[in-house]
$ cat structure_15.pdb   # PDB, C-alpha atoms, pLDDT in the B column
ATOM      1  CA  MET A   1      48.815  25.467 -13.784  1.00 46.00           C
ATOM      2  CA  MET A   2      49.456  29.224 -13.448  1.00 45.00           C
ATOM      3  CA  ILE A   3      47.228  31.163 -11.061  1.00 49.00           C
ATOM      4  CA  PRO A   4      47.178  34.900 -10.320  1.00 47.00           C
ATOM      5  CA  SER A   5      47.059  35.351  -6.539  1.00 47.00           C
ATOM      6  CA  THR A   6      45.106  38.246  -5.046  1.00 57.00           C
ATOM      7  CA  ARG A   7      44.030  36.515  -1.800  1.00 75.00           C
ATOM      8  CA  GLN A   8      45.927  36.596   1.485  1.00 89.00           C
ATOM      9  CA  PRO A   9      47.543  33.312   2.528  1.00 94.00           C
ATOM     10  CA  ALA A  10      47.178  31.846   6.012  1.00 95.00           C
ATOM     11  CA  ILE A  11      50.961  31.401   5.980  1.00 96.00           C
ATOM     12  CA  ARG A  12      53.814  32.046   3.566  1.00 95.00           C
ATOM     13  CA  VAL A  13      57.135  30.174   3.754  1.00 95.00           C
ATOM     14  CA  SER A  14      60.428  30.259   1.874  1.00 92.00           C
ATOM     15  CA  LEU A  15      61.613  26.659   1.442  1.00 91.00           C
ATOM     16  CA  LEU A  16      65.207  25.975   2.511  1.00 91.00           C
ATOM     17  CA  PRO A  17      67.877  23.378   1.701  1.00 92.00           C
ATOM     18  CA  ARG A  18      67.202  21.591   5.029  1.00 93.00           C
ATOM     19  CA  ASP A  19      63.704  20.749   3.689  1.00 93.00           C
ATOM     20  CA  THR A  20      64.945  18.780   0.662  1.00 93.00           C
ATOM     21  CA  ASN A  21      64.831  15.083  -0.067  1.00 91.00           C
ATOM     22  CA  PRO A  22      67.610  13.154  -1.864  1.00 90.00           C
ATOM     23  CA  ASN A  23      66.087  14.197  -5.219  1.00 89.00           C
ATOM     24  CA  GLY A  24      66.657  17.879  -4.446  1.00 87.00           C
ATOM     25  CA  THR A  25      62.991  18.784  -4.067  1.00 93.00           C
ATOM     26  CA  ILE A  26      61.084  19.615  -0.894  1.00 95.00           C
ATOM     27  CA  PHE A  27      59.915  16.666   1.227  1.00 95.00           C
ATOM     28  CA  GLY A  28      56.171  16.051   0.931  1.00 94.00           C
ATOM     29  CA  GLY A  29      56.029  15.759   4.726  1.00 94.00           C
ATOM     30  CA  VAL A  30      57.332  19.314   5.098  1.00 96.00           C
ATOM     31  CA  ILE A  31      54.542  20.552   2.822  1.00 97.00           C
ATOM     32  CA  LEU A  32      51.971  18.484   4.766  1.00 97.00           C
ATOM     33  CA  SER A  33      53.113  20.034   8.043  1.00 97.00           C
ATOM     34  CA  TYR A  34      52.572  23.546   6.697  1.00 97.00           C
ATOM     35  CA  ILE A  35      49.217  22.504   5.216  1.00 98.00           C
ATOM     36  CA  ASP A  36      48.125  21.302   8.665  1.00 98.00           C
ATOM     37  CA  GLN A  37      49.175  24.611  10.240  1.00 97.00           C
ATOM     38  CA  ALA A  38      47.425  26.704   7.579  1.00 98.00           C
ATOM     39  CA  GLY A  39      44.249  24.632   7.906  1.00 97.00           C
ATOM     40  CA  ALA A  40      44.202  25.113  11.675  1.00 97.00           C
ATOM     41  CA  ILE A  41      44.520  28.874  11.190  1.00 97.00           C
ATOM     42  CA  GLU A  42      41.540  28.795   8.812  1.00 96.00           C
ATOM     43  CA  ALA A  43      39.544  26.701  11.330  1.00 96.00           C
ATOM     44  CA  ARG A  44      40.166  29.357  13.992  1.00 95.00           C
ATOM     45  CA  LEU A  45      38.839  32.052  11.662  1.00 94.00           C
ATOM     46  CA  HIS A  46      35.505  30.205  11.745  1.00 94.00           C
ATOM     47  CA  GLY A  47      35.204  30.033  15.529  1.00 93.00           C
ATOM     48  CA  ALA A  48      37.246  26.962  16.483  1.00 94.00           C
ATOM     49  CA  GLY A  49      39.651  27.371  19.365  1.00 93.00           C
ATOM     50  CA  ARG A  50      41.949  24.480  20.219  1.00 95.00           C
ATOM     51  CA  VAL A  51      41.802  21.979  17.385  1.00 97.00           C
ATOM     52  CA  VAL A  52      43.216  18.539  16.711  1.00 97.00           C
ATOM     53  CA  THR A  53      43.643  17.037  13.262  1.00 97.00           C
ATOM     54  CA  VAL A  54      41.464  13.963  12.740  1.00 97.00           C
ATOM     55  CA  ALA A  55      41.790  13.436   8.981  1.00 97.00           C
ATOM     56  CA  MET A  56      43.781  14.678   6.030  1.00 96.00           C
ATOM     57  CA  GLU A  57      42.171  13.585   2.793  1.00 91.00           C
ATOM     58  CA  LYS A  58      42.440  14.176  -0.905  1.00 87.00           C
ATOM     59  CA  VAL A  59      46.079  15.249  -0.772  1.00 95.00           C
ATOM     60  CA  VAL A  60      47.285  15.882  -4.299  1.00 96.00           C
ATOM     61  CA  PHE A  61      50.853  16.835  -5.166  1.00 96.00           C
ATOM     62  CA  HIS A  62      50.591  18.448  -8.614  1.00 96.00           C
ATOM     63  CA  GLU A  63      54.209  19.594  -9.016  1.00 93.00           C
ATOM     64  CA  PRO A  64      57.449  19.417  -7.047  1.00 93.00           C
ATOM     65  CA  VAL A  65      58.545  22.332  -4.876  1.00 93.00           C
ATOM     66  CA  HIS A  66      62.149  23.510  -5.034  1.00 91.00           C
ATOM     67  CA  VAL A  67      64.587  25.215  -2.682  1.00 91.00           C
ATOM     68  CA  GLY A  68      64.058  28.961  -2.858  1.00 88.00           C
ATOM     69  CA  ASP A  69      60.399  28.714  -3.829  1.00 91.00           C
ATOM     70  CA  LEU A  70      58.077  30.965  -1.857  1.00 92.00           C
ATOM     71  CA  ALA A  71      55.090  28.806  -0.853  1.00 95.00           C
ATOM     72  CA  SER A  72      51.741  30.379   0.039  1.00 95.00           C
ATOM     73  CA  PHE A  73      49.138  28.285   1.869  1.00 97.00           C
ATOM     74  CA  TYR A  74      45.512  29.363   1.338  1.00 97.00           C
ATOM     75  CA  GLY A  75      42.645  28.058   3.474  1.00 97.00           C
ATOM     76  CA  GLU A  76      38.996  27.786   2.528  1.00 96.00           C
ATOM     77  CA  LEU A  77      36.097  26.551   4.645  1.00 96.00           C
ATOM     78  CA  VAL A  78      34.484  23.374   3.289  1.00 97.00           C
ATOM     79  CA  ARG A  79      32.164  22.434   6.164  1.00 97.00           C
ATOM     80  CA  LEU A  80      31.442  23.731   9.651  1.00 97.00           C
ATOM     81  CA  GLY A  81      29.907  21.123  11.937  1.00 96.00           C
ATOM     82  CA  ARG A  82      28.944  21.198  15.609  1.00 96.00           C
ATOM     83  CA  THR A  83      32.407  20.212  16.900  1.00 97.00           C
ATOM     84  CA  SER A  84      34.349  19.750  13.661  1.00 97.00           C
ATOM     85  CA  VAL A  85      35.477  21.890  10.781  1.00 98.00           C
ATOM     86  CA  THR A  86      36.737  20.796   7.365  1.00 98.00           C
ATOM     87  CA  VAL A  87      39.089  23.049   5.458  1.00 97.00           C
ATOM     88  CA  LYS A  88      40.642  22.907   2.000  1.00 97.00           C
ATOM     89  CA  VAL A  89      44.208  24.167   1.753  1.00 98.00           C
ATOM     90  CA  VAL A  90      45.750  25.079  -1.589  1.00 97.00           C
ATOM     91  CA  VAL A  91      49.507  25.584  -1.908  1.00 97.00           C
ATOM     92  CA  GLU A  92      50.882  27.899  -4.562  1.00 95.00           C
ATOM     93  CA  VAL A  93      54.534  28.721  -5.189  1.00 94.00           C
ATOM     94  CA  THR A  94      56.501  31.382  -6.956  1.00 91.00           C
ATOM     95  CA  GLY A  95      60.136  30.838  -7.794  1.00 83.00           C
ATOM     96  CA  PRO A  96      63.016  33.089  -6.794  1.00 75.00           C
ATOM     97  CA  GLY A  97      62.621  36.662  -8.003  1.00 64.00           C
ATOM     98  CA  ALA A  98      59.480  38.673  -8.586  1.00 58.00           C
ATOM     99  CA  GLN A  99      57.211  36.373 -10.593  1.00 59.00           C
ATOM    100  CA  PRO A 100      53.641  37.699 -10.802  1.00 60.00           C
ATOM    101  CA  LEU A 101      52.025  34.279 -11.306  1.00 75.00           C
ATOM    102  CA  ALA A 102      51.940  31.410  -8.849  1.00 85.00           C
ATOM    103  CA  ARG A 103      51.840  27.697  -9.656  1.00 91.00           C
ATOM    104  CA  ARG A 104      49.409  25.464  -7.773  1.00 95.00           C
ATOM    105  CA  VAL A 105      51.553  22.623  -6.435  1.00 96.00           C
ATOM    106  CA  THR A 106      49.535  20.882  -3.722  1.00 97.00           C
ATOM    107  CA  GLU A 107      46.046  20.772  -2.233  1.00 97.00           C
ATOM    108  CA  ALA A 108      44.417  18.869   0.598  1.00 98.00           C
ATOM    109  CA  GLU A 109      41.270  18.652   2.699  1.00 98.00           C
ATOM    110  CA  ILE A 110      41.702  18.496   6.480  1.00 98.00           C
ATOM    111  CA  THR A 111      39.142  17.852   9.204  1.00 98.00           C
ATOM    112  CA  TYR A 112      39.751  19.211  12.700  1.00 98.00           C
ATOM    113  CA  VAL A 113      37.823  18.697  15.930  1.00 98.00           C
ATOM    114  CA  ASN A 114      37.458  21.542  18.401  1.00 98.00           C
ATOM    115  CA  VAL A 115      38.557  20.309  21.865  1.00 97.00           C
ATOM    116  CA  ASP A 116      38.835  21.532  25.448  1.00 96.00           C
ATOM    117  CA  GLU A 117      42.000  21.394  27.606  1.00 95.00           C
ATOM    118  CA  ALA A 118      41.329  17.711  28.360  1.00 96.00           C
ATOM    119  CA  GLY A 119      41.090  16.867  24.645  1.00 94.00           C
ATOM    120  CA  ARG A 120      37.319  16.293  24.659  1.00 97.00           C
ATOM    121  CA  PRO A 121      35.265  17.552  21.693  1.00 97.00           C
ATOM    122  CA  VAL A 122      33.379  20.782  22.393  1.00 97.00           C
ATOM    123  CA  PRO A 123      30.975  22.769  20.212  1.00 96.00           C
ATOM    124  CA  ILE A 124      32.408  25.457  17.971  1.00 96.00           C
ATOM    125  CA  PRO A 125      30.968  28.829  18.986  1.00 91.00           C
ATOM    126  CA  ARG A 126      28.897  30.343  16.195  1.00 83.00           C
ATOM    127  CA  ARG A 127      29.651  33.876  15.127  1.00 71.00           C
ATOM    128  CA  GLU A 128      26.782  36.320  14.830  1.00 66.00           C
ATOM    129  CA  ALA A 129      26.007  37.271  11.224  1.00 56.00           C
TER     130      ALA A 129
END
$ encode --input "structure_15.pdb" --output "structure tokens"
Amino acid sequence: MMIPSTRQPAIRVSLLPRDTNPNGTIFGGVILSYIDQAGAIEARLHGAGRVVTVAMEKVVFHEPVHVGDLASFYGELVRLGRTSVTVKVVVEVTGPGAQPLARRVTEAEITYVNVDEAGRPVPIPRREA
């Protein structure tokens, strides 16, 4: 699926040879790690402070990612609860060179809980509208 990207990603990463599996594509676990980081950044944009991941659901790998691909991780708020926040992260890649269109390769939904220094859930401060 080709998607024109005009949004700003939470993070953008160039995938390296060290990230590959024996098939020559990027390990799914590497992508999941970046998804978790991007989701936490999105959670912070909605008032969460220190967050812990409690669930990663609906992970779909649409296409493989290759060495040299530039991966952009976009976050979107799904639900803001009292102490938890659920975020959808979409991963799009462009290959080496200046390609104007990105391919959607992975997406996932992650739920985080806002915690204090002791790891106990605390309310997410609400931002004034």
$ axis_aligned_box --input "structure_15.pdb" --around "stretch 69-88 of chain A" --padding-each-side "6 Å" --output "AutoDock Vina command-line options"
--center_x 44.7 --center_y 25.4 --center_z 6.5 --size_x 43.5 --size_y 23.2 --size_z 32.7
$ resolve_selection --input "structure_15.pdb" --expression "the PyMOL selection byres ((chain A and resi 65) around 8)" --output "list in words"
Thr25, Ile26, Glu63, Pro64, His66, Val67, Asp69, Val93 and Val105 of chain A
$ write_last_selection --input "structure_15.pdb" --atoms "C-alpha atoms" --output "mmCIF file, keeping the file's coordinate frame"
data_model
loop_
_atom_site.group_PDB
_atom_site.id
_atom_site.type_symbol
_atom_site.label_atom_id
_atom_site.label_comp_id
_atom_site.auth_asym_id
_atom_site.auth_seq_id
_atom_site.Cartn_x
_atom_site.Cartn_y
_atom_site.Cartn_z
ATOM 1 C CA THR A 25 62.991 18.784 -4.067
ATOM 2 C CA ILE A 26 61.084 19.615 -0.894
ATOM 3 C CA GLU A 63 54.209 19.594 -9.016
ATOM 4 C CA PRO A 64 57.449 19.417 -7.047
ATOM 5 C CA HIS A 66 62.149 23.510 -5.034
ATOM 6 C CA VAL A 67 64.587 25.215 -2.682
ATOM 7 C CA ASP A 69 60.399 28.714 -3.829
ATOM 8 C CA VAL A 93 54.534 28.721 -5.189
ATOM 9 C CA VAL A 105 51.553 22.623 -6.435
#
$ residues_around --input "structure_15.pdb" --residues "A:Pro9" --least-positions-apart "5" --cutoff "9 Å" --atoms "all atoms listed in the file" --output "list in words"
Ala38, Ser72, Phe73, Tyr74 and Gly75 of chain A
$ closest_residue --input "structure_15.pdb" --among "A:Gly49, A:Asn23, A:Ala118, A:Glu107" --to "A:Val85" --atoms "all atoms listed in the file"
A:Gly49
$ closest_residue --input "structure_15.pdb" --among "A:Leu77, A:Leu15, A:Ala108, A:Ala40" --to "A:His62" --atoms "all atoms listed in the file"
A:Ala108
$ residues_near_point --input "structure_15.pdb" --point "(31.8, 27.6, 13.9)" --cutoff "7 Å" --atoms "only C-alpha atoms" --output "count of residues only"
8
$ resolve_selection --input "structure_15.pdb" --expression "the PyMOL selection byres ((chain A and resi 82) around 6)" --output "VMD selection string"
chain A and resid 81 83 to 84 123 to 124
$ closest_residue --input "structure_15.pdb" --among "A:Ala71, A:Val89, A:Val51, A:Val78" --to "A:Tyr112" --atoms "all atoms listed in the file"
A:Val51
$ atom_distance --input "structure_15.pdb" --atom1 "atom CA of A:Thr106" --atom2 "atom CA of A:Val60"
5.5 Å
$ closest_residue --input "structure_15.pdb" --among "A:Ala10, A:Ile41, A:Val90, A:Ile35" --to "A:Arg104" --atoms "all atoms listed in the file"
A:Val90
$ residues_around --input "structure_15.pdb" --residues "A:Thr53" --least-positions-apart "5" --cutoff "8 Å" --atoms "only C-alpha atoms" --output "PDB file with C-alpha atoms, in the frame of the given file"
ATOM      1  CA  ASP A  36      48.125  21.302   8.665  1.00 98.00           C
ATOM      2  CA  ILE A 110      41.702  18.496   6.480  1.00 98.00           C
ATOM      3  CA  THR A 111      39.142  17.852   9.204  1.00 98.00           C
ATOM      4  CA  TYR A 112      39.751  19.211  12.700  1.00 98.00           C
ATOM      5  CA  VAL A 113      37.823  18.697  15.930  1.00 98.00           C
TER       6      VAL A 113
END
$ atom_distance --input "structure_15.pdb" --atom1 "atom CA of A:Arg44" --atom2 "atom CA of A:Val115"
12.1 Å
$ decode --input "structure_15.pdb" --residues "stretch 79-122 of chain A" --atoms "N, CA and C atoms" --output "PDB file, in the first residue's frame"
ATOM      1  N   ARG A  79      -7.229   6.068  22.891  1.00  0.00           N
ATOM      2  CA  ARG A  79      -8.050   6.258  24.091  1.00  0.00           C
ATOM      3  C   ARG A  79      -7.194   6.823  25.212  1.00  0.00           C
ATOM      4  N   LEU A  80      -7.750   7.798  25.920  1.00  0.00           N
ATOM      5  CA  LEU A  80      -7.089   8.371  27.086  1.00  0.00           C
ATOM      6  C   LEU A  80      -7.954   8.087  28.302  1.00  0.00           C
ATOM      7  N   GLY A  81      -7.452   7.212  29.178  1.00  0.00           N
ATOM      8  CA  GLY A  81      -8.173   6.870  30.396  1.00  0.00           C
ATOM      9  C   GLY A  81      -7.674   7.671  31.583  1.00  0.00           C
ATOM     10  N   ARG A  82      -8.061   7.251  32.790  1.00  0.00           N
ATOM     11  CA  ARG A  82      -7.628   7.959  33.992  1.00  0.00           C
ATOM     12  C   ARG A  82      -6.136   7.753  34.247  1.00  0.00           C
ATOM     13  N   THR A  83      -5.659   6.507  34.162  1.00  0.00           N
ATOM     14  CA  THR A  83      -4.242   6.220  34.375  1.00  0.00           C
ATOM     15  C   THR A  83      -3.597   5.550  33.165  1.00  0.00           C
ATOM     16  N   SER A  84      -4.378   5.253  32.145  1.00  0.00           N
ATOM     17  CA  SER A  84      -3.829   4.553  30.981  1.00  0.00           C
ATOM     18  C   SER A  84      -4.095   5.333  29.702  1.00  0.00           C
ATOM     19  N   VAL A  85      -3.290   5.017  28.710  1.00  0.00           N
ATOM     20  CA  VAL A  85      -3.439   5.629  27.398  1.00  0.00           C
ATOM     21  C   VAL A  85      -3.163   4.547  26.354  1.00  0.00           C
ATOM     22  N   THR A  86      -4.020   4.500  25.331  1.00  0.00           N
ATOM     23  CA  THR A  86      -3.845   3.550  24.240  1.00  0.00           C
ATOM     24  C   THR A  86      -3.518   4.333  22.981  1.00  0.00           C
ATOM     25  N   VAL A  87      -2.499   3.858  22.291  1.00  0.00           N
ATOM     26  CA  VAL A  87      -1.961   4.542  21.124  1.00  0.00           C
ATOM     27  C   VAL A  87      -1.863   3.565  19.960  1.00  0.00           C
ATOM     28  N   LYS A  88      -2.158   4.042  18.766  1.00  0.00           N
ATOM     29  CA  LYS A  88      -1.910   3.250  17.558  1.00  0.00           C
ATOM     30  C   LYS A  88      -0.629   3.788  16.936  1.00  0.00           C
ATOM     31  N   VAL A  89       0.255   2.877  16.548  1.00  0.00           N
ATOM     32  CA  VAL A  89       1.477   3.267  15.857  1.00  0.00           C
ATOM     33  C   VAL A  89       1.473   2.619  14.479  1.00  0.00           C
ATOM     34  N   VAL A  90       1.709   3.434  13.473  1.00  0.00           N
ATOM     35  CA  VAL A  90       1.793   2.981  12.090  1.00  0.00           C
ATOM     36  C   VAL A  90       3.235   3.184  11.632  1.00  0.00           C
ATOM     37  N   VAL A  91       3.791   2.162  10.993  1.00  0.00           N
ATOM     38  CA  VAL A  91       5.160   2.222  10.487  1.00  0.00           C
ATOM     39  C   VAL A  91       5.117   2.275   8.969  1.00  0.00           C
ATOM     40  N   GLU A  92       5.784   3.273   8.418  1.00  0.00           N
ATOM     41  CA  GLU A  92       5.896   3.428   6.981  1.00  0.00           C
ATOM     42  C   GLU A  92       7.366   3.468   6.616  1.00  0.00           C
ATOM     43  N   VAL A  93       7.724   2.900   5.476  1.00  0.00           N
ATOM     44  CA  VAL A  93       9.120   2.936   5.039  1.00  0.00           C
ATOM     45  C   VAL A  93       9.235   3.494   3.631  1.00  0.00           C
ATOM     46  N   THR A  94      10.384   4.104   3.395  1.00  0.00           N
ATOM     47  CA  THR A  94      10.801   4.454   2.049  1.00  0.00           C
ATOM     48  C   THR A  94      12.139   3.768   1.840  1.00  0.00           C
ATOM     49  N   GLY A  95      12.380   3.337   0.635  1.00  0.00           N
ATOM     50  CA  GLY A  95      13.629   2.656   0.323  1.00  0.00           C
ATOM     51  C   GLY A  95      14.763   3.655   0.173  1.00  0.00           C
ATOM     52  N   PRO A  96      15.951   3.155  -0.110  1.00  0.00           N
ATOM     53  CA  PRO A  96      17.091   4.052  -0.328  1.00  0.00           C
ATOM     54  C   PRO A  96      16.799   5.024  -1.463  1.00  0.00           C
ATOM     55  N   GLY A  97      17.312   6.231  -1.333  1.00  0.00           N
ATOM     56  CA  GLY A  97      17.062   7.260  -2.349  1.00  0.00           C
ATOM     57  C   GLY A  97      15.874   8.115  -1.958  1.00  0.00           C
ATOM     58  N   ALA A  98      15.535   9.040  -2.792  1.00  0.00           N
ATOM     59  CA  ALA A  98      14.461   9.991  -2.493  1.00  0.00           C
ATOM     60  C   ALA A  98      13.153   9.516  -3.128  1.00  0.00           C
ATOM     61  N   GLN A  99      12.456   8.632  -2.452  1.00  0.00           N
ATOM     62  CA  GLN A  99      11.154   8.163  -2.927  1.00  0.00           C
ATOM     63  C   GLN A  99      10.065   8.983  -2.237  1.00  0.00           C
ATOM     64  N   PRO A 100       9.168   9.593  -3.001  1.00  0.00           N
ATOM     65  CA  PRO A 100       8.159  10.464  -2.399  1.00  0.00           C
ATOM     66  C   PRO A 100       7.045   9.710  -1.672  1.00  0.00           C
ATOM     67  N   LEU A 101       6.857   8.424  -1.966  1.00  0.00           N
ATOM     68  CA  LEU A 101       5.763   7.686  -1.347  1.00  0.00           C
ATOM     69  C   LEU A 101       6.296   6.640  -0.382  1.00  0.00           C
ATOM     70  N   ALA A 102       5.611   6.508   0.735  1.00  0.00           N
ATOM     71  CA  ALA A 102       5.989   5.524   1.744  1.00  0.00           C
ATOM     72  C   ALA A 102       5.069   4.317   1.645  1.00  0.00           C
ATOM     73  N   ARG A 103       5.581   3.166   2.080  1.00  0.00           N
ATOM     74  CA  ARG A 103       4.777   1.944   2.138  1.00  0.00           C
ATOM     75  C   ARG A 103       4.471   1.654   3.601  1.00  0.00           C
ATOM     76  N   ARG A 104       3.196   1.394   3.897  1.00  0.00           N
ATOM     77  CA  ARG A 104       2.817   0.990   5.251  1.00  0.00           C
ATOM     78  C   ARG A 104       3.248  -0.458   5.436  1.00  0.00           C
ATOM     79  N   VAL A 105       4.098  -0.706   6.440  1.00  0.00           N
ATOM     80  CA  VAL A 105       4.627  -2.055   6.630  1.00  0.00           C
ATOM     81  C   VAL A 105       4.151  -2.728   7.904  1.00  0.00           C
ATOM     82  N   THR A 106       3.863  -1.941   8.934  1.00  0.00           N
ATOM     83  CA  THR A 106       3.461  -2.516  10.222  1.00  0.00           C
ATOM     84  C   THR A 106       2.551  -1.540  10.942  1.00  0.00           C
ATOM     85  N   GLU A 107       1.668  -2.080  11.785  1.00  0.00           N
ATOM     86  CA  GLU A 107       0.868  -1.243  12.682  1.00  0.00           C
ATOM     87  C   GLU A 107       0.551  -2.037  13.935  1.00  0.00           C
ATOM     88  N   ALA A 108       0.350  -1.310  15.027  1.00  0.00           N
ATOM     89  CA  ALA A 108       0.061  -1.954  16.306  1.00  0.00           C
ATOM     90  C   ALA A 108      -0.667  -0.979  17.213  1.00  0.00           C
ATOM     91  N   GLU A 109      -1.356  -1.547  18.210  1.00  0.00           N
ATOM     92  CA  GLU A 109      -2.016  -0.766  19.246  1.00  0.00           C
ATOM     93  C   GLU A 109      -1.361  -1.115  20.577  1.00  0.00           C
ATOM     94  N   ILE A 110      -0.943  -0.093  21.320  1.00  0.00           N
ATOM     95  CA  ILE A 110      -0.226  -0.304  22.576  1.00  0.00           C
ATOM     96  C   ILE A 110      -0.952   0.437  23.692  1.00  0.00           C
ATOM     97  N   THR A 111      -1.067  -0.215  24.843  1.00  0.00           N
ATOM     98  CA  THR A 111      -1.633   0.425  26.022  1.00  0.00           C
ATOM     99  C   THR A 111      -0.524   0.605  27.049  1.00  0.00           C
ATOM    100  N   TYR A 112      -0.438   1.819  27.575  1.00  0.00           N
ATOM    101  CA  TYR A 112       0.541   2.185  28.594  1.00  0.00           C
ATOM    102  C   TYR A 112      -0.199   2.604  29.853  1.00  0.00           C
ATOM    103  N   VAL A 113       0.447   2.425  31.001  1.00  0.00           N
ATOM    104  CA  VAL A 113      -0.078   2.939  32.263  1.00  0.00           C
ATOM    105  C   VAL A 113       0.905   3.978  32.775  1.00  0.00           C
ATOM    106  N   ASN A 114       0.375   5.102  33.189  1.00  0.00           N
ATOM    107  CA  ASN A 114       1.159   6.183  33.773  1.00  0.00           C
ATOM    108  C   ASN A 114       1.495   5.789  35.213  1.00  0.00           C
ATOM    109  N   VAL A 115       2.786   5.817  35.593  1.00  0.00           N
ATOM    110  CA  VAL A 115       3.191   5.374  36.928  1.00  0.00           C
ATOM    111  C   VAL A 115       4.081   6.406  37.619  1.00  0.00           C
ATOM    112  N   ASP A 116       4.153   6.295  38.950  1.00  0.00           N
ATOM    113  CA  ASP A 116       5.071   7.128  39.720  1.00  0.00           C
ATOM    114  C   ASP A 116       6.427   6.430  39.826  1.00  0.00           C
ATOM    115  N   GLU A 117       7.354   6.999  40.600  1.00  0.00           N
ATOM    116  CA  GLU A 117       8.704   6.440  40.730  1.00  0.00           C
ATOM    117  C   GLU A 117       8.696   5.030  41.312  1.00  0.00           C
ATOM    118  N   ALA A 118       7.678   4.698  42.095  1.00  0.00           N
ATOM    119  CA  ALA A 118       7.578   3.370  42.703  1.00  0.00           C
ATOM    120  C   ALA A 118       6.865   2.367  41.794  1.00  0.00           C
ATOM    121  N   GLY A 119       6.436   2.824  40.600  1.00  0.00           N
ATOM    122  CA  GLY A 119       5.766   1.931  39.667  1.00  0.00           C
ATOM    123  C   GLY A 119       4.277   1.776  39.902  1.00  0.00           C
ATOM    124  N   ARG A 120       3.704   2.628  40.758  1.00  0.00           N
ATOM    125  CA  ARG A 120       2.257   2.571  41.018  1.00  0.00           C
ATOM    126  C   ARG A 120       1.506   3.453  40.027  1.00  0.00           C
ATOM    127  N   PRO A 121       0.350   2.985  39.536  1.00  0.00           N
ATOM    128  CA  PRO A 121      -0.438   3.798  38.604  1.00  0.00           C
ATOM    129  C   PRO A 121      -0.848   5.128  39.226  1.00  0.00           C
ATOM    130  N   VAL A 122      -0.732   6.188  38.441  1.00  0.00           N
ATOM    131  CA  VAL A 122      -1.157   7.525  38.872  1.00  0.00           C
ATOM    132  C   VAL A 122      -1.963   8.157  37.748  1.00  0.00           C
TER     133      VAL A 122
END
